[in-house]
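See below for upload.cif, which holds mmCIF, N, CA and C atoms and all ligand atoms.
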```cif
data_model
#
loop_
_atom_site.label_atom_id
_atom_site.label_comp_id
_atom_site.auth_asym_id
_atom_site.auth_seq_id
_atom_site.Cartn_x
_atom_site.Cartn_y
_atom_site.Cartn_z
N MET A 1061 17.73 -22.01 21.75
CA MET A 1061 18.13 -22.08 20.34
C MET A 1061 18.76 -20.76 19.92
N LYS A 1062 19.92 -20.86 19.26
CA LYS A 1062 20.60 -19.64 18.82
C LYS A 1062 19.81 -19.00 17.67
N LYS A 1063 19.61 -17.69 17.79
CA LYS A 1063 18.84 -17.01 16.75
C LYS A 1063 19.69 -16.78 15.51
N GLN A 1064 19.05 -16.82 14.36
CA GLN A 1064 19.73 -16.44 13.13
C GLN A 1064 19.61 -14.94 12.97
N LYS A 1065 20.58 -14.35 12.27
CA LYS A 1065 20.51 -12.91 12.03
C LYS A 1065 19.80 -12.67 10.70
N LEU A 1066 18.80 -11.80 10.72
CA LEU A 1066 18.07 -11.44 9.50
C LEU A 1066 18.40 -9.98 9.20
N VAL A 1067 19.13 -9.76 8.12
CA VAL A 1067 19.55 -8.40 7.76
C VAL A 1067 18.71 -7.90 6.60
N ILE A 1068 18.07 -6.76 6.78
CA ILE A 1068 17.23 -6.18 5.73
C ILE A 1068 17.91 -4.91 5.24
N ILE A 1069 18.18 -4.86 3.95
CA ILE A 1069 18.86 -3.70 3.37
C ILE A 1069 17.80 -2.80 2.75
N GLY A 1070 17.63 -1.63 3.36
CA GLY A 1070 16.63 -0.67 2.91
C GLY A 1070 15.40 -0.73 3.78
N ASN A 1071 14.90 0.45 4.14
CA ASN A 1071 13.65 0.53 4.91
C ASN A 1071 12.66 1.35 4.08
N GLY A 1072 12.33 0.79 2.91
CA GLY A 1072 11.32 1.42 2.05
C GLY A 1072 9.95 0.87 2.39
N MET A 1073 8.99 1.12 1.50
CA MET A 1073 7.62 0.69 1.78
C MET A 1073 7.51 -0.83 1.88
N VAL A 1074 8.25 -1.51 1.00
CA VAL A 1074 8.16 -2.98 0.99
C VAL A 1074 8.89 -3.58 2.19
N GLY A 1075 10.09 -3.04 2.47
CA GLY A 1075 10.85 -3.54 3.62
C GLY A 1075 10.07 -3.33 4.91
N GLN A 1076 9.39 -2.19 5.02
CA GLN A 1076 8.62 -1.92 6.24
C GLN A 1076 7.41 -2.85 6.35
N ALA A 1077 6.74 -3.09 5.21
CA ALA A 1077 5.60 -4.02 5.24
C ALA A 1077 6.08 -5.41 5.65
N PHE A 1078 7.27 -5.78 5.18
CA PHE A 1078 7.84 -7.08 5.58
C PHE A 1078 8.08 -7.12 7.09
N LEU A 1079 8.66 -6.04 7.63
CA LEU A 1079 8.94 -6.01 9.08
C LEU A 1079 7.65 -6.13 9.88
N GLU A 1080 6.59 -5.44 9.41
CA GLU A 1080 5.32 -5.49 10.15
C GLU A 1080 4.73 -6.89 10.12
N SER A 1081 4.81 -7.57 8.96
CA SER A 1081 4.28 -8.95 8.98
C SER A 1081 5.18 -9.86 9.78
N MET A 1082 6.47 -9.56 9.77
CA MET A 1082 7.40 -10.42 10.54
C MET A 1082 7.09 -10.31 12.04
N THR A 1083 6.78 -9.10 12.52
CA THR A 1083 6.52 -8.94 13.96
C THR A 1083 5.26 -9.71 14.39
N GLU A 1084 4.36 -9.97 13.41
CA GLU A 1084 3.14 -10.71 13.74
C GLU A 1084 3.28 -12.20 13.50
N SER A 1085 4.45 -12.58 13.00
CA SER A 1085 4.64 -13.98 12.60
C SER A 1085 5.20 -14.82 13.75
N LYS A 1086 4.85 -16.09 13.74
CA LYS A 1086 5.42 -17.03 14.74
C LYS A 1086 6.92 -17.19 14.53
N ALA A 1087 7.38 -16.92 13.33
CA ALA A 1087 8.81 -17.08 13.01
C ALA A 1087 9.66 -15.98 13.63
N ARG A 1088 9.01 -14.91 14.12
CA ARG A 1088 9.74 -13.73 14.62
C ARG A 1088 10.84 -14.10 15.62
N ASP A 1089 10.50 -15.01 16.54
CA ASP A 1089 11.43 -15.32 17.63
C ASP A 1089 12.69 -16.06 17.16
N ARG A 1090 12.69 -16.48 15.92
CA ARG A 1090 13.86 -17.22 15.44
C ARG A 1090 14.97 -16.29 14.95
N TYR A 1091 14.67 -14.98 14.89
CA TYR A 1091 15.62 -14.06 14.26
C TYR A 1091 15.98 -12.84 15.11
N ASP A 1092 17.24 -12.47 15.01
CA ASP A 1092 17.68 -11.13 15.42
C ASP A 1092 17.59 -10.29 14.15
N ILE A 1093 16.79 -9.21 14.19
CA ILE A 1093 16.56 -8.44 12.96
C ILE A 1093 17.35 -7.13 12.97
N VAL A 1094 18.07 -6.90 11.88
CA VAL A 1094 18.86 -5.68 11.72
C VAL A 1094 18.48 -5.04 10.39
N VAL A 1095 18.27 -3.72 10.40
CA VAL A 1095 17.88 -3.01 9.17
C VAL A 1095 18.90 -1.92 8.88
N PHE A 1096 19.37 -1.90 7.63
CA PHE A 1096 20.22 -0.79 7.17
C PHE A 1096 19.37 0.14 6.31
N CYS A 1097 19.36 1.41 6.70
CA CYS A 1097 18.52 2.41 6.04
C CYS A 1097 19.43 3.54 5.58
N GLU A 1098 19.69 3.63 4.29
CA GLU A 1098 20.66 4.63 3.85
C GLU A 1098 20.12 6.06 3.93
N GLU A 1099 18.79 6.17 3.95
CA GLU A 1099 18.20 7.51 3.99
C GLU A 1099 18.23 8.07 5.42
N PRO A 1100 18.02 9.39 5.56
CA PRO A 1100 18.13 9.98 6.91
C PRO A 1100 16.91 9.74 7.78
N ARG A 1101 15.90 9.02 7.26
CA ARG A 1101 14.69 8.73 8.05
C ARG A 1101 14.14 7.38 7.64
N PRO A 1102 13.41 6.72 8.57
CA PRO A 1102 12.83 5.43 8.23
C PRO A 1102 11.68 5.55 7.22
N ALA A 1103 11.03 4.44 6.94
CA ALA A 1103 10.09 4.33 5.81
C ALA A 1103 9.06 5.46 5.75
N TYR A 1104 8.84 5.94 4.54
CA TYR A 1104 7.83 6.97 4.30
C TYR A 1104 7.06 6.61 3.04
N ASP A 1105 5.93 7.29 2.87
CA ASP A 1105 5.02 6.99 1.76
C ASP A 1105 5.51 7.66 0.47
N ARG A 1106 6.24 6.88 -0.31
CA ARG A 1106 6.80 7.42 -1.55
C ARG A 1106 5.72 7.71 -2.58
N VAL A 1107 4.64 6.94 -2.53
CA VAL A 1107 3.57 7.12 -3.51
C VAL A 1107 3.01 8.54 -3.43
N HIS A 1108 2.98 9.09 -2.20
CA HIS A 1108 2.46 10.45 -2.01
C HIS A 1108 3.56 11.48 -1.81
N LEU A 1109 4.76 11.13 -2.27
CA LEU A 1109 5.92 12.01 -2.04
C LEU A 1109 5.74 13.40 -2.66
N SER A 1110 5.08 13.44 -3.82
CA SER A 1110 4.91 14.75 -4.49
C SER A 1110 4.15 15.72 -3.60
N GLU A 1111 3.33 15.20 -2.67
CA GLU A 1111 2.53 16.08 -1.79
C GLU A 1111 3.41 16.86 -0.82
N PHE A 1112 4.68 16.43 -0.72
CA PHE A 1112 5.63 17.19 0.10
C PHE A 1112 5.71 18.64 -0.41
N PHE A 1113 5.55 18.79 -1.73
CA PHE A 1113 5.66 20.12 -2.33
C PHE A 1113 4.36 20.91 -2.24
N SER A 1114 3.30 20.26 -1.75
CA SER A 1114 2.07 21.02 -1.56
C SER A 1114 1.68 21.07 -0.07
N GLY A 1115 2.70 20.92 0.80
CA GLY A 1115 2.45 21.20 2.21
C GLY A 1115 2.59 20.03 3.17
N LYS A 1116 2.60 18.78 2.66
CA LYS A 1116 2.77 17.64 3.59
C LYS A 1116 4.19 17.67 4.16
N THR A 1117 4.31 17.30 5.42
CA THR A 1117 5.64 17.29 6.06
C THR A 1117 6.20 15.86 6.04
N ALA A 1118 7.49 15.75 6.37
CA ALA A 1118 8.11 14.42 6.47
C ALA A 1118 7.35 13.57 7.49
N ASN A 1119 6.89 14.20 8.57
CA ASN A 1119 6.12 13.46 9.59
C ASN A 1119 4.81 12.94 9.02
N ASP A 1120 4.14 13.78 8.19
CA ASP A 1120 2.87 13.34 7.58
C ASP A 1120 3.08 12.10 6.72
N LEU A 1121 4.21 12.07 6.03
CA LEU A 1121 4.46 10.98 5.07
C LEU A 1121 5.08 9.75 5.72
N SER A 1122 5.54 9.92 6.96
CA SER A 1122 6.21 8.82 7.64
C SER A 1122 5.28 7.62 7.82
N MET A 1123 5.83 6.42 7.65
CA MET A 1123 5.02 5.20 7.80
C MET A 1123 5.32 4.45 9.09
N VAL A 1124 6.28 4.97 9.85
CA VAL A 1124 6.71 4.22 11.04
C VAL A 1124 7.35 5.16 12.05
N THR A 1125 7.21 4.82 13.33
CA THR A 1125 7.86 5.61 14.37
C THR A 1125 9.12 4.88 14.83
N HIS A 1126 10.00 5.65 15.47
CA HIS A 1126 11.21 5.02 16.03
C HIS A 1126 10.82 4.00 17.10
N GLU A 1127 9.68 4.24 17.76
CA GLU A 1127 9.24 3.31 18.82
C GLU A 1127 8.97 1.91 18.25
N PHE A 1128 8.50 1.87 17.00
CA PHE A 1128 8.23 0.56 16.39
C PHE A 1128 9.46 -0.34 16.48
N PHE A 1129 10.63 0.24 16.19
CA PHE A 1129 11.85 -0.56 16.19
C PHE A 1129 12.23 -0.97 17.61
N MET A 1130 12.07 -0.03 18.54
CA MET A 1130 12.41 -0.33 19.94
C MET A 1130 11.46 -1.38 20.50
N GLN A 1131 10.16 -1.16 20.28
CA GLN A 1131 9.16 -2.07 20.86
C GLN A 1131 9.29 -3.48 20.31
N ASN A 1132 9.75 -3.59 19.07
CA ASN A 1132 9.84 -4.91 18.45
C ASN A 1132 11.26 -5.47 18.42
N ASP A 1133 12.14 -4.79 19.18
CA ASP A 1133 13.51 -5.28 19.32
C ASP A 1133 14.20 -5.45 17.96
N ILE A 1134 14.04 -4.44 17.12
CA ILE A 1134 14.66 -4.45 15.79
C ILE A 1134 15.73 -3.36 15.78
N SER A 1135 16.95 -3.72 15.37
CA SER A 1135 18.01 -2.71 15.29
C SER A 1135 17.93 -2.04 13.93
N ILE A 1136 17.90 -0.72 13.92
CA ILE A 1136 17.91 -0.01 12.63
C ILE A 1136 19.06 0.99 12.62
N TYR A 1137 19.82 0.97 11.53
CA TYR A 1137 20.92 1.90 11.34
C TYR A 1137 20.47 2.94 10.31
N ILE A 1138 20.12 4.11 10.81
CA ILE A 1138 19.64 5.19 9.94
C ILE A 1138 20.85 5.90 9.31
N GLY A 1139 20.71 6.25 8.03
CA GLY A 1139 21.79 6.96 7.34
C GLY A 1139 23.00 6.07 7.14
N ASP A 1140 22.76 4.78 7.06
CA ASP A 1140 23.86 3.82 6.98
C ASP A 1140 23.61 2.89 5.79
N LYS A 1141 24.41 3.07 4.75
CA LYS A 1141 24.21 2.29 3.52
C LYS A 1141 25.00 0.99 3.61
N ALA A 1142 24.34 -0.12 3.30
CA ALA A 1142 25.06 -1.40 3.21
C ALA A 1142 25.90 -1.35 1.95
N SER A 1143 27.19 -1.55 2.10
CA SER A 1143 28.06 -1.42 0.92
C SER A 1143 28.49 -2.78 0.37
N ARG A 1144 28.39 -3.83 1.20
CA ARG A 1144 28.68 -5.17 0.69
C ARG A 1144 28.06 -6.19 1.62
N ILE A 1145 27.94 -7.40 1.12
CA ILE A 1145 27.37 -8.48 1.93
C ILE A 1145 28.47 -9.51 2.17
N ASP A 1146 28.73 -9.77 3.45
CA ASP A 1146 29.73 -10.77 3.82
C ASP A 1146 29.02 -11.77 4.71
N ARG A 1147 28.51 -12.85 4.13
CA ARG A 1147 27.71 -13.80 4.88
C ARG A 1147 28.51 -14.56 5.91
C1 LIG B 1201 6.76 10.35 -6.69
C2 LIG B 1201 6.42 8.86 -6.73
C3 LIG B 1201 5.11 8.46 -6.95
C4 LIG B 1201 4.78 7.11 -7.00
N1 LIG B 1201 3.48 6.75 -7.20
C5 LIG B 1201 3.14 5.45 -7.21
C6 LIG B 1201 1.79 5.05 -7.35
O1 LIG B 1201 0.88 5.88 -7.52
N2 LIG B 1201 1.48 3.73 -7.33
C7 LIG B 1201 2.46 2.78 -7.16
O2 LIG B 1201 2.14 1.59 -7.14
N3 LIG B 1201 3.75 3.13 -6.99
C8 LIG B 1201 4.12 4.43 -7.02
N4 LIG B 1201 5.42 4.77 -6.85
C9 LIG B 1201 6.41 3.72 -6.71
C10 LIG B 1201 6.48 3.23 -5.27
O3 LIG B 1201 6.86 4.30 -4.45
C11 LIG B 1201 7.52 2.13 -5.27
O4 LIG B 1201 7.03 1.05 -6.04
C12 LIG B 1201 7.79 1.67 -3.84
O5 LIG B 1201 8.31 2.75 -3.09
C13 LIG B 1201 8.77 0.53 -3.90
O6 LIG B 1201 9.03 0.15 -2.55
P1 LIG B 1201 10.35 -0.52 -2.15
O7 LIG B 1201 10.33 -0.64 -0.65
O8 LIG B 1201 10.56 -1.76 -2.94
O9 LIG B 1201 11.51 0.44 -2.65
P2 LIG B 1201 11.87 1.92 -2.12
O10 LIG B 1201 10.66 2.66 -1.67
O11 LIG B 1201 12.71 2.48 -3.23
O12 LIG B 1201 12.75 1.61 -0.85
C14 LIG B 1201 14.04 1.06 -0.91
C15 LIG B 1201 14.84 1.69 0.23
O13 LIG B 1201 16.08 1.00 0.33
C16 LIG B 1201 17.10 1.93 0.49
N5 LIG B 1201 18.35 1.31 0.04
C17 LIG B 1201 18.68 0.91 -1.21
N6 LIG B 1201 19.91 0.38 -1.23
C18 LIG B 1201 20.38 0.43 0.06
C19 LIG B 1201 21.62 0.04 0.67
N7 LIG B 1201 22.62 -0.52 -0.03
N8 LIG B 1201 21.78 0.23 2.01
C20 LIG B 1201 20.77 0.79 2.75
N9 LIG B 1201 19.58 1.20 2.22
C21 LIG B 1201 19.40 1.02 0.88
C22 LIG B 1201 16.67 3.13 -0.37
O14 LIG B 1201 17.33 4.30 0.02
C23 LIG B 1201 15.18 3.17 -0.04
O15 LIG B 1201 14.91 3.92 1.12
C24 LIG B 1201 5.80 6.12 -6.82
C25 LIG B 1201 7.12 6.54 -6.58
C26 LIG B 1201 7.45 7.88 -6.53
C27 LIG B 1201 8.88 8.31 -6.26
#
```
Spit out the file's structure as structure tokens when you get a sec.
Amino acid sequence: MKKQKLVIIGNGMVGQAFLESMTESKARDRYDIVVFCEEPRPAYDRVHLSEFFSGKTANDLSMVTHEFFMQNDISIYIGDKASRIDR
């Protein structure tokens, strides 16, 4: 069966939670997943972002490793903003 393409725009806290549930879902195999992430790094904990100024590093706040995308066969374009949708 030909897979459908699932494009996720943004790799914020919600987008990342979606990806994690998707990887555990039976529906996972039906999709080729592509993520556009306009920021220079994948999902991080925005709720605790202010702690960056009291010593937390970007790594401390990170919610995901690059391995997550490789291990789950998800393509992520870091620093790449989706500028339009052409279905
Ligand atoms: C300092 C701070 C403290 C907070 N504290 C709390 C709290 O105590 N409790 C609470 O409930 N909430 C808090 N929030 C709010 C919480 O962080 C947000 O509700 C949450 O981050 C929303 O998640 P999201 O994934 O929907 O959006 P975001 O975290 O905004 O993620 C969206 C991502 O999509 C990317 N994006 C957008 N458009 C494009 C595009 N065209 N192409 C590619 N990428 C794109 C953005 O760059 C971003 O990385 C806080 C926020 C901040 C900044």
DSSP strand (DSSP E) residues within chain A, as a PyMOL selection string: chain A and resi 1064-1069+1091-1097+1134-1138
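Using all atoms listed in the file, the shortest contact distance between ligand LIG 1201 (chain B) and any of A:Glu1111, A:Asp1120, A:Asp1146, A:Asp1092 is found at A:Glu1111.
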Proximity check chain A to ligand LIG 1201 (chain B), 8 Å, nearest pairs one decimal Å, all atoms listed in the file, as a tab-separated table:
```
residue	atom	partner	partner_atom	distance
A:Ile1068	C	B:LIG1201	C20	6.8
A:Ile1069	C	B:LIG1201	N9	4.4
A:Gly1070	CA	B:LIG1201	O13	3.1
A:Asn1071	N	B:LIG1201	O13	4.0
A:Gly1072	CA	B:LIG1201	O12	3.2
A:Met1073	N	B:LIG1201	O7	3.1
A:Val1074	N	B:LIG1201	O7	2.8
A:Gly1075	N	B:LIG1201	O7	3.9
A:Gln1076	N	B:LIG1201	O7	6.0
A:Ala1077	N	B:LIG1201	O7	7.3
A:Val1095	C	B:LIG1201	C20	7.0
A:Phe1096	C	B:LIG1201	C20	3.9
A:Cys1097	C	B:LIG1201	N9	4.1
A:Glu1098	N	B:LIG1201	N9	3.2
A:Glu1099	N	B:LIG1201	O14	4.6
A:Pro1100	N	B:LIG1201	O14	7.6
A:Arg1101	C	B:LIG1201	O15	7.4
A:Pro1102	C	B:LIG1201	O15	7.1
A:Ala1103	CA	B:LIG1201	O15	6.7
A:Tyr1104	C	B:LIG1201	O10	7.1
A:Asp1105	C	B:LIG1201	O3	6.1
A:Arg1106	C	B:LIG1201	O3	4.1
A:Val1107	CA	B:LIG1201	C4	3.7
A:His1108	N	B:LIG1201	C3	5.2
A:Leu1109	N	B:LIG1201	C1	4.9
A:Ser1110	N	B:LIG1201	C1	4.5
A:Glu1111	N	B:LIG1201	C1	7.2
A:Tyr1137	C	B:LIG1201	C20	7.9
A:Gly1139	C	B:LIG1201	C20	7.2
A:Asp1140	C	B:LIG1201	C20	4.7
A:Lys1141	CA	B:LIG1201	N8	3.5
A:Ala1142	N	B:LIG1201	N8	2.9
A:Ser1143	N	B:LIG1201	N7	5.1
A:Arg1144	N	B:LIG1201	N7	6.8
```
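Interatomic distance, CA of Gln1064 in chain A against atom C of Arg1090 in chain A: 5.1 Å.
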Using atom N of Lys1062 in chain A and atom C of Arg1088 in chain A as the two end points, give the distance in Å to one decimal.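 So the answer is 11.9 Å.
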For CA of Ser1081 in chain A and CA of Met1130 in chain A, determine how far apart the two atoms are, in Å to one decimal place. 16.1 Å
Identify all residues of range 1061-1146 of chain A in alpha helix (DSSP H) (DSSP on the backbone) and supply them as a short mmCIF file (atom, residue, chain, number, x, y, z; two decimals) with N, CA and C atoms, in the coordinates of the input.
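Written file, states.cif:
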```cif
data_model
loop_
_atom_site.label_atom_id
_atom_site.label_comp_id
_atom_site.auth_asym_id
_atom_site.auth_seq_id
_atom_site.Cartn_x
_atom_site.Cartn_y
_atom_site.Cartn_z
N MET A 1073 8.99 1.12 1.50
CA MET A 1073 7.62 0.69 1.78
C MET A 1073 7.51 -0.83 1.88
N VAL A 1074 8.25 -1.51 1.00
CA VAL A 1074 8.16 -2.98 0.99
C VAL A 1074 8.89 -3.58 2.19
N GLY A 1075 10.09 -3.04 2.47
CA GLY A 1075 10.85 -3.54 3.62
C GLY A 1075 10.07 -3.33 4.91
N GLN A 1076 9.39 -2.19 5.02
CA GLN A 1076 8.62 -1.92 6.24
C GLN A 1076 7.41 -2.85 6.35
N ALA A 1077 6.74 -3.09 5.21
CA ALA A 1077 5.60 -4.02 5.24
C ALA A 1077 6.08 -5.41 5.65
N PHE A 1078 7.27 -5.78 5.18
CA PHE A 1078 7.84 -7.08 5.58
C PHE A 1078 8.08 -7.12 7.09
N LEU A 1079 8.66 -6.04 7.63
CA LEU A 1079 8.94 -6.01 9.08
C LEU A 1079 7.65 -6.13 9.88
N GLU A 1080 6.59 -5.44 9.41
CA GLU A 1080 5.32 -5.49 10.15
C GLU A 1080 4.73 -6.89 10.12
N SER A 1081 4.81 -7.57 8.96
CA SER A 1081 4.28 -8.95 8.98
C SER A 1081 5.18 -9.86 9.78
N MET A 1082 6.47 -9.56 9.77
CA MET A 1082 7.40 -10.42 10.54
C MET A 1082 7.09 -10.31 12.04
N THR A 1083 6.78 -9.10 12.52
CA THR A 1083 6.52 -8.94 13.96
C THR A 1083 5.26 -9.71 14.39
N ALA A 1118 7.49 15.75 6.37
CA ALA A 1118 8.11 14.42 6.47
C ALA A 1118 7.35 13.57 7.49
N ASN A 1119 6.89 14.20 8.57
CA ASN A 1119 6.12 13.46 9.59
C ASN A 1119 4.81 12.94 9.02
N ASP A 1120 4.14 13.78 8.19
CA ASP A 1120 2.87 13.34 7.58
C ASP A 1120 3.08 12.10 6.72
N LEU A 1121 4.21 12.07 6.03
CA LEU A 1121 4.46 10.98 5.07
C LEU A 1121 5.08 9.75 5.72
N HIS A 1126 10.00 5.65 15.47
CA HIS A 1126 11.21 5.02 16.03
C HIS A 1126 10.82 4.00 17.10
N GLU A 1127 9.68 4.24 17.76
CA GLU A 1127 9.24 3.31 18.82
C GLU A 1127 8.97 1.91 18.25
N PHE A 1128 8.50 1.87 17.00
CA PHE A 1128 8.23 0.56 16.39
C PHE A 1128 9.46 -0.34 16.48
N PHE A 1129 10.63 0.24 16.19
CA PHE A 1129 11.85 -0.56 16.19
C PHE A 1129 12.23 -0.97 17.61
N MET A 1130 12.07 -0.03 18.54
CA MET A 1130 12.41 -0.33 19.94
C MET A 1130 11.46 -1.38 20.50
N GLN A 1131 10.16 -1.16 20.28
CA GLN A 1131 9.16 -2.07 20.86
C GLN A 1131 9.29 -3.48 20.31
#
```
Go through A:Phe1112, A:Asn1119, A:Phe1078, A:Ile1093 and flag the residue nearest Asn1132 in chain A, using all atoms listed in the file for the distances.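 Nearest to Asn1132 in chain A: A:Ile1093.
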